[in-house]
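Structure file input-v7.csv (CSV, C-alpha atoms) is printed below.
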```
chain,number,residue,atom,x,y,z
A,1,MET,CA,25.7,-4.8,-1.1
A,2,LYS,CA,22.1,-5.2,-2.0
A,3,SER,CA,20.8,-3.6,-5.2
A,4,LYS,CA,18.9,-0.4,-4.7
A,5,ILE,CA,15.2,-0.3,-5.5
A,6,ASN,CA,14.3,2.4,-8.0
A,7,ILE,CA,11.0,4.1,-7.2
A,8,ILE,CA,9.7,5.7,-10.4
A,9,ILE,CA,7.2,8.6,-10.0
A,10,PRO,CA,5.8,10.2,-13.2
A,11,ALA,CA,4.3,13.6,-12.7
A,12,ILE,CA,3.6,16.9,-14.6
A,13,GLU,CA,5.5,19.2,-12.2
A,14,VAL,CA,6.7,19.6,-8.7
A,15,ASN,CA,3.5,20.4,-6.7
A,16,PRO,CA,2.2,19.9,-3.1
A,17,GLU,CA,1.0,16.3,-3.7
A,18,LEU,CA,4.5,15.3,-5.1
A,19,ILE,CA,6.2,16.9,-2.1
A,20,GLY,CA,3.8,15.1,0.2
A,21,CYS,CA,4.8,11.8,-1.5
A,22,PHE,CA,8.5,12.6,-1.1
A,23,ASN,CA,7.9,13.4,2.6
A,24,GLN,CA,6.1,10.1,3.1
A,25,LEU,CA,8.9,8.2,1.4
A,26,ASN,CA,11.3,9.7,3.9
A,27,LYS,CA,9.3,7.9,6.7
A,28,LEU,CA,9.8,4.4,5.2
A,29,ASP,CA,11.5,1.7,7.3
A,30,TYR,CA,13.7,0.9,4.4
A,31,ASN,CA,16.8,2.8,3.2
A,32,ASN,CA,18.1,1.0,0.1
A,33,PHE,CA,16.2,2.9,-2.6
A,34,PHE,CA,16.4,6.0,-4.8
A,35,VAL,CA,13.6,7.9,-6.6
A,36,THR,CA,13.4,8.8,-10.2
A,37,VAL,CA,10.8,11.5,-10.8
A,38,VAL,CA,9.9,12.1,-14.4
A,39,LEU,CA,8.4,15.6,-15.1
A,40,ASP,CA,6.9,17.5,-18.0
A,41,PHE,CA,8.9,20.5,-16.9
A,42,HIS,CA,11.0,21.6,-13.9
A,43,LYS,CA,11.1,25.3,-13.0
A,44,ASN,CA,14.0,24.8,-10.6
A,45,LYS,CA,11.6,24.6,-7.6
A,46,LEU,CA,13.6,23.4,-4.7
A,47,ILE,CA,13.2,19.7,-3.8
A,48,SER,CA,14.2,19.4,-0.2
A,49,LYS,CA,17.0,17.2,1.0
A,50,TYR,CA,15.8,13.7,1.9
A,51,LYS,CA,17.5,10.6,3.2
A,52,TYR,CA,17.4,9.2,-0.3
A,53,LYS,CA,18.6,10.4,-3.7
A,54,ILE,CA,16.1,11.9,-6.2
A,55,LYS,CA,17.0,11.9,-9.9
A,56,VAL,CA,15.0,14.3,-12.0
A,57,ILE,CA,14.2,13.6,-15.7
A,58,VAL,CA,12.4,16.2,-17.7
A,59,THR,CA,10.6,14.9,-20.8
A,60,GLY,CA,8.3,17.6,-21.9
A,61,LYS,CA,4.6,16.7,-22.3
A,62,LYS,CA,4.5,12.9,-22.4
A,63,ASN,CA,1.9,10.5,-21.1
A,64,MET,CA,2.6,8.7,-17.8
A,65,SER,CA,3.4,5.3,-19.3
A,66,LEU,CA,6.0,6.7,-21.6
A,67,LYS,CA,7.6,8.5,-18.6
A,68,ARG,CA,7.7,5.2,-16.7
A,69,ASN,CA,9.3,3.4,-19.6
A,70,LEU,CA,11.9,6.1,-20.1
A,71,ALA,CA,12.9,6.0,-16.4
A,72,VAL,CA,13.3,2.2,-16.5
A,73,LYS,CA,15.6,2.4,-19.4
A,74,LYS,CA,17.7,5.2,-17.9
A,75,ASN,CA,18.3,3.6,-14.5
A,76,LYS,CA,19.1,-0.1,-14.4
A,77,SER,CA,17.9,-1.7,-11.1
A,78,LYS,CA,17.2,-5.2,-10.0
A,79,TYR,CA,13.8,-4.0,-8.5
A,80,ILE,CA,11.6,-1.2,-9.7
A,81,ALA,CA,8.6,0.2,-7.9
A,82,PHE,CA,6.1,2.5,-9.5
A,83,LEU,CA,4.3,5.1,-7.5
A,84,ASP,CA,1.8,7.9,-8.4
A,85,SER,CA,2.8,11.4,-7.4
A,86,ASP,CA,-0.2,11.7,-5.1
A,87,ALA,CA,0.3,8.4,-3.3
A,88,TYR,CA,1.5,8.1,0.3
A,89,PRO,CA,2.9,4.6,0.8
A,90,SER,CA,2.8,2.9,4.2
A,91,ARG,CA,5.9,2.7,6.3
A,92,GLY,CA,6.7,-1.0,5.5
A,93,TRP,CA,5.8,-0.8,1.8
A,94,LEU,CA,9.3,-1.5,0.3
A,95,LYS,CA,10.5,-3.8,3.1
A,96,ASN,CA,7.4,-6.1,2.7
A,97,GLY,CA,7.6,-5.9,-1.1
A,98,GLU,CA,11.3,-6.9,-1.2
A,99,LYS,CA,10.7,-9.8,1.3
A,100,TYR,CA,7.8,-11.1,-0.8
A,101,LEU,CA,9.8,-10.9,-4.1
A,102,LYS,CA,12.7,-12.8,-2.6
A,103,GLU,CA,10.5,-15.5,-1.0
A,104,LYS,CA,8.5,-16.1,-4.2
A,105,LYS,CA,11.6,-15.7,-6.4
A,106,ALA,CA,9.6,-13.2,-8.5
A,107,ASP,CA,10.8,-10.7,-11.0
```

Would you mind writing the file's structure down as structure tokens?
Amino acid sequence: MKSKINIIIPAIEVNPELIGCFNQLNKLDYNNFFVTVVLDFHKNKLISKYKYKIKVIVTGKKNMSLKRNLAVKKNKSKYIAFLDSDAYPSRGWLKNGEKYLKEKKAD
């Protein structure tokens, strides 16, 4: 089985932009990934069911780079992708990225 890609998304809270990002990830032509979202706080707002797993880490008020580093340490994955909470990746984003990394034997 291929190693899953961990998409790390640092954010302050669950808001419409983050939900839009989750919705766009649901449209990817790639299924072998999970999402780690790192939040300042989480008021138990519902995060809908998606075709992928979402892990939530609550850190309190931290800067985005510390949140990314924490998520990397907590979830070991062969590949890690970083995404901003207001980003909407294209359908082939992960598929193309994985192909490139394998062809170039990159880390």

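Within 12 Å of Pro16 (chain A), once only C-alpha atoms are used and residues closer than 3 positions along the same chain are dropped, the contacting residues are A:Ala11, A:Ile12, A:Glu13, A:Ile19, A:Gly20, A:Cys21, A:Phe22, A:Asn23, A:Lys45, A:Ile47, A:Ser85, A:Asp86, A:Ala87.
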
Could you list as a list in words every residue that has an atom within 7 Å of (12.6, 9.8, 5.6), using the file's coordinates and counting all atoms listed in the file?
Asn23, Gln24, Leu25, Asn26, Lys27, Leu28, Tyr50 and Lys51 of chain A

Export C-alpha atoms of the chosen residues as a short mmCIF file (atom, residue, chain, number, x, y, z; two decimals), in the coordinates of the input?
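As a result, again_3.cif now contains:
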```cif
data_model
loop_
_atom_site.label_atom_id
_atom_site.label_comp_id
_atom_site.auth_asym_id
_atom_site.auth_seq_id
_atom_site.Cartn_x
_atom_site.Cartn_y
_atom_site.Cartn_z
CA ASN A 23 7.90 13.40 2.60
CA GLN A 24 6.10 10.10 3.10
CA LEU A 25 8.90 8.20 1.40
CA ASN A 26 11.30 9.70 3.90
CA LYS A 27 9.30 7.90 6.70
CA LEU A 28 9.80 4.40 5.20
CA TYR A 50 15.80 13.70 1.90
CA LYS A 51 17.50 10.60 3.20
#
```

Rows by chain and residue number, region 25-107 of chain A within 8 Å of region 4-10 of chain A, shortest pair, only C-alpha atoms, as CSV:
```
residue,atom,partner,partner_atom,distance
A:Asn32,CA,A:Lys4,CA,5.1
A:Phe33,CA,A:Ile5,CA,4.4
A:Phe34,CA,A:Asn6,CA,5.3
A:Val35,CA,A:Ile7,CA,4.6
A:Thr36,CA,A:Ile8,CA,4.8
A:Val37,CA,A:Ile9,CA,4.7
A:Val38,CA,A:Pro10,CA,4.7
A:Leu39,CA,A:Pro10,CA,6.3
A:Met64,CA,A:Pro10,CA,5.8
A:Lys67,CA,A:Pro10,CA,5.9
A:Arg68,CA,A:Pro10,CA,6.4
A:Ala71,CA,A:Ile8,CA,6.8
A:Val72,CA,A:Ile8,CA,7.9
A:Asn75,CA,A:Asn6,CA,7.7
A:Ser77,CA,A:Asn6,CA,6.3
A:Lys78,CA,A:Ile5,CA,6.9
A:Tyr79,CA,A:Ile5,CA,5.0
A:Ile80,CA,A:Asn6,CA,4.8
A:Ala81,CA,A:Ile7,CA,4.6
A:Phe82,CA,A:Ile8,CA,4.9
A:Leu83,CA,A:Ile9,CA,5.2
A:Asp84,CA,A:Ile9,CA,5.7
A:Ser85,CA,A:Ile9,CA,5.8
```

Between CA of Tyr88 (chain A) and CA of Ser48 (chain A) - distance in Å to one decimal
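About the pair CA of Ser48 (chain A) and CA of Tyr88 (chain A): they are 17.0 Å apart.
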
CA of Tyr30 (chain A) to CA of Arg91 (chain A), distance in Å rounded to a single decimal
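The value is 8.2 Å.
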
The distance between CA of Asp40 (chain A) and CA of Lys76 (chain A) is 21.7 Å

Completed region 75-86 of chain A (all heavy atoms) as a PDB file, keeping the file's coordinate frame:
```
ATOM      1  N   ASN A  75      17.727   3.980 -15.834  1.00  0.00           N
ATOM      2  CA  ASN A  75      18.300   3.600 -14.500  1.00  0.00           C
ATOM      3  C   ASN A  75      18.094   2.056 -14.380  1.00  0.00           C
ATOM      4  O   ASN A  75      17.000   1.592 -14.126  1.00  0.00           O
ATOM      5  CB  ASN A  75      17.581   4.271 -13.388  1.00  0.00           C
ATOM      6  CG  ASN A  75      17.790   5.752 -13.440  1.00  0.00           C
ATOM      7  OD1 ASN A  75      18.884   6.234 -13.262  1.00  0.00           O
ATOM      8  ND2 ASN A  75      16.736   6.492 -13.710  1.00  0.00           N
ATOM      9  N   LYS A  76      19.155   1.319 -14.510  1.00  0.00           N
ATOM     10  CA  LYS A  76      19.100  -0.100 -14.400  1.00  0.00           C
ATOM     11  C   LYS A  76      19.064  -0.473 -12.869  1.00  0.00           C
ATOM     12  O   LYS A  76      19.944  -0.064 -12.121  1.00  0.00           O
ATOM     13  CB  LYS A  76      20.278  -0.805 -15.027  1.00  0.00           C
ATOM     14  CG  LYS A  76      20.406  -0.474 -16.501  1.00  0.00           C
ATOM     15  CD  LYS A  76      19.236  -1.035 -17.282  1.00  0.00           C
ATOM     16  CE  LYS A  76      19.407  -0.737 -18.755  1.00  0.00           C
ATOM     17  NZ  LYS A  76      18.210  -0.813 -19.507  1.00  0.00           N
ATOM     18  N   SER A  77      18.060  -1.205 -12.463  1.00  0.00           N
ATOM     19  CA  SER A  77      17.900  -1.700 -11.100  1.00  0.00           C
ATOM     20  C   SER A  77      17.356  -3.072 -11.086  1.00  0.00           C
ATOM     21  O   SER A  77      16.586  -3.425 -11.982  1.00  0.00           O
ATOM     22  CB  SER A  77      16.977  -0.764 -10.295  1.00  0.00           C
ATOM     23  OG  SER A  77      17.474   0.540 -10.212  1.00  0.00           O
ATOM     24  N   LYS A  78      17.722  -3.845 -10.069  1.00  0.00           N
ATOM     25  CA  LYS A  78      17.200  -5.200 -10.000  1.00  0.00           C
ATOM     26  C   LYS A  78      15.667  -5.112  -9.717  1.00  0.00           C
ATOM     27  O   LYS A  78      14.893  -5.864 -10.285  1.00  0.00           O
ATOM     28  CB  LYS A  78      17.845  -5.960  -8.826  1.00  0.00           C
ATOM     29  CG  LYS A  78      17.342  -7.376  -8.699  1.00  0.00           C
ATOM     30  CD  LYS A  78      18.122  -8.171  -7.692  1.00  0.00           C
ATOM     31  CE  LYS A  78      17.578  -9.594  -7.646  1.00  0.00           C
ATOM     32  NZ  LYS A  78      18.325 -10.407  -6.693  1.00  0.00           N
ATOM     33  N   TYR A  79      15.267  -4.213  -8.838  1.00  0.00           N
ATOM     34  CA  TYR A  79      13.800  -4.000  -8.500  1.00  0.00           C
ATOM     35  C   TYR A  79      13.416  -2.620  -8.870  1.00  0.00           C
ATOM     36  O   TYR A  79      14.153  -1.653  -8.639  1.00  0.00           O
ATOM     37  CB  TYR A  79      13.563  -4.299  -7.053  1.00  0.00           C
ATOM     38  CG  TYR A  79      13.834  -5.712  -6.622  1.00  0.00           C
ATOM     39  CD1 TYR A  79      14.778  -5.984  -5.653  1.00  0.00           C
ATOM     40  CD2 TYR A  79      13.141  -6.779  -7.193  1.00  0.00           C
ATOM     41  CE1 TYR A  79      15.035  -7.287  -5.243  1.00  0.00           C
ATOM     42  CE2 TYR A  79      13.388  -8.083  -6.793  1.00  0.00           C
ATOM     43  CZ  TYR A  79      14.338  -8.327  -5.829  1.00  0.00           C
ATOM     44  OH  TYR A  79      14.588  -9.608  -5.434  1.00  0.00           O
ATOM     45  N   ILE A  80      12.198  -2.515  -9.380  1.00  0.00           N
ATOM     46  CA  ILE A  80      11.600  -1.200  -9.700  1.00  0.00           C
ATOM     47  C   ILE A  80      10.233  -1.161  -9.080  1.00  0.00           C
ATOM     48  O   ILE A  80       9.468  -2.128  -9.142  1.00  0.00           O
ATOM     49  CB  ILE A  80      11.463  -1.063 -11.250  1.00  0.00           C
ATOM     50  CG1 ILE A  80      12.839  -1.118 -11.909  1.00  0.00           C
ATOM     51  CG2 ILE A  80      10.744   0.231 -11.598  1.00  0.00           C
ATOM     52  CD1 ILE A  80      12.782  -1.290 -13.408  1.00  0.00           C
ATOM     53  N   ALA A  81       9.930  -0.038  -8.468  1.00  0.00           N
ATOM     54  CA  ALA A  81       8.600   0.200  -7.900  1.00  0.00           C
ATOM     55  C   ALA A  81       8.015   1.421  -8.544  1.00  0.00           C
ATOM     56  O   ALA A  81       8.712   2.415  -8.748  1.00  0.00           O
ATOM     57  CB  ALA A  81       8.734   0.390  -6.381  1.00  0.00           C
ATOM     58  N   PHE A  82       6.768   1.340  -8.895  1.00  0.00           N
ATOM     59  CA  PHE A  82       6.100   2.500  -9.500  1.00  0.00           C
ATOM     60  C   PHE A  82       5.148   3.095  -8.456  1.00  0.00           C
ATOM     61  O   PHE A  82       4.489   2.390  -7.697  1.00  0.00           O
ATOM     62  CB  PHE A  82       5.262   2.048 -10.712  1.00  0.00           C
ATOM     63  CG  PHE A  82       6.110   1.513 -11.830  1.00  0.00           C
ATOM     64  CD1 PHE A  82       6.162   0.158 -12.098  1.00  0.00           C
ATOM     65  CD2 PHE A  82       6.868   2.359 -12.623  1.00  0.00           C
ATOM     66  CE1 PHE A  82       6.932  -0.345 -13.122  1.00  0.00           C
ATOM     67  CE2 PHE A  82       7.662   1.867 -13.643  1.00  0.00           C
ATOM     68  CZ  PHE A  82       7.689   0.509 -13.891  1.00  0.00           C
ATOM     69  N   LEU A  83       5.096   4.410  -8.460  1.00  0.00           N
ATOM     70  CA  LEU A  83       4.300   5.100  -7.500  1.00  0.00           C
ATOM     71  C   LEU A  83       3.681   6.350  -8.190  1.00  0.00           C
ATOM     72  O   LEU A  83       4.363   7.009  -8.983  1.00  0.00           O
ATOM     73  CB  LEU A  83       5.173   5.570  -6.329  1.00  0.00           C
ATOM     74  CG  LEU A  83       4.538   6.012  -5.039  1.00  0.00           C
ATOM     75  CD1 LEU A  83       3.665   4.915  -4.444  1.00  0.00           C
ATOM     76  CD2 LEU A  83       5.617   6.394  -4.043  1.00  0.00           C
ATOM     77  N   ASP A  84       2.423   6.636  -7.898  1.00  0.00           N
ATOM     78  CA  ASP A  84       1.800   7.900  -8.400  1.00  0.00           C
ATOM     79  C   ASP A  84       2.252   9.035  -7.544  1.00  0.00           C
ATOM     80  O   ASP A  84       2.551   8.874  -6.359  1.00  0.00           O
ATOM     81  CB  ASP A  84       0.279   7.754  -8.373  1.00  0.00           C
ATOM     82  CG  ASP A  84      -0.263   6.781  -9.399  1.00  0.00           C
ATOM     83  OD1 ASP A  84       0.435   6.512 -10.401  1.00  0.00           O
ATOM     84  OD2 ASP A  84      -1.392   6.290  -9.213  1.00  0.00           O
ATOM     85  N   SER A  85       2.266  10.208  -8.137  1.00  0.00           N
ATOM     86  CA  SER A  85       2.800  11.400  -7.400  1.00  0.00           C
ATOM     87  C   SER A  85       1.886  11.827  -6.277  1.00  0.00           C
ATOM     88  O   SER A  85       2.320  12.583  -5.414  1.00  0.00           O
ATOM     89  CB  SER A  85       2.958  12.551  -8.408  1.00  0.00           C
ATOM     90  OG  SER A  85       1.723  12.901  -8.991  1.00  0.00           O
ATOM     91  N   ASP A  86       0.647  11.352  -6.233  1.00  0.00           N
ATOM     92  CA  ASP A  86      -0.200  11.700  -5.100  1.00  0.00           C
ATOM     93  C   ASP A  86      -0.450  10.551  -4.165  1.00  0.00           C
ATOM     94  O   ASP A  86      -1.382  10.542  -3.371  1.00  0.00           O
ATOM     95  CB  ASP A  86      -1.592  12.206  -5.667  1.00  0.00           C
ATOM     96  CG  ASP A  86      -2.316  11.167  -6.502  1.00  0.00           C
ATOM     97  OD1 ASP A  86      -1.721  10.112  -6.827  1.00  0.00           O
ATOM     98  OD2 ASP A  86      -3.488  11.405  -6.842  1.00  0.00           O
TER      99      ASP A  86
END
```
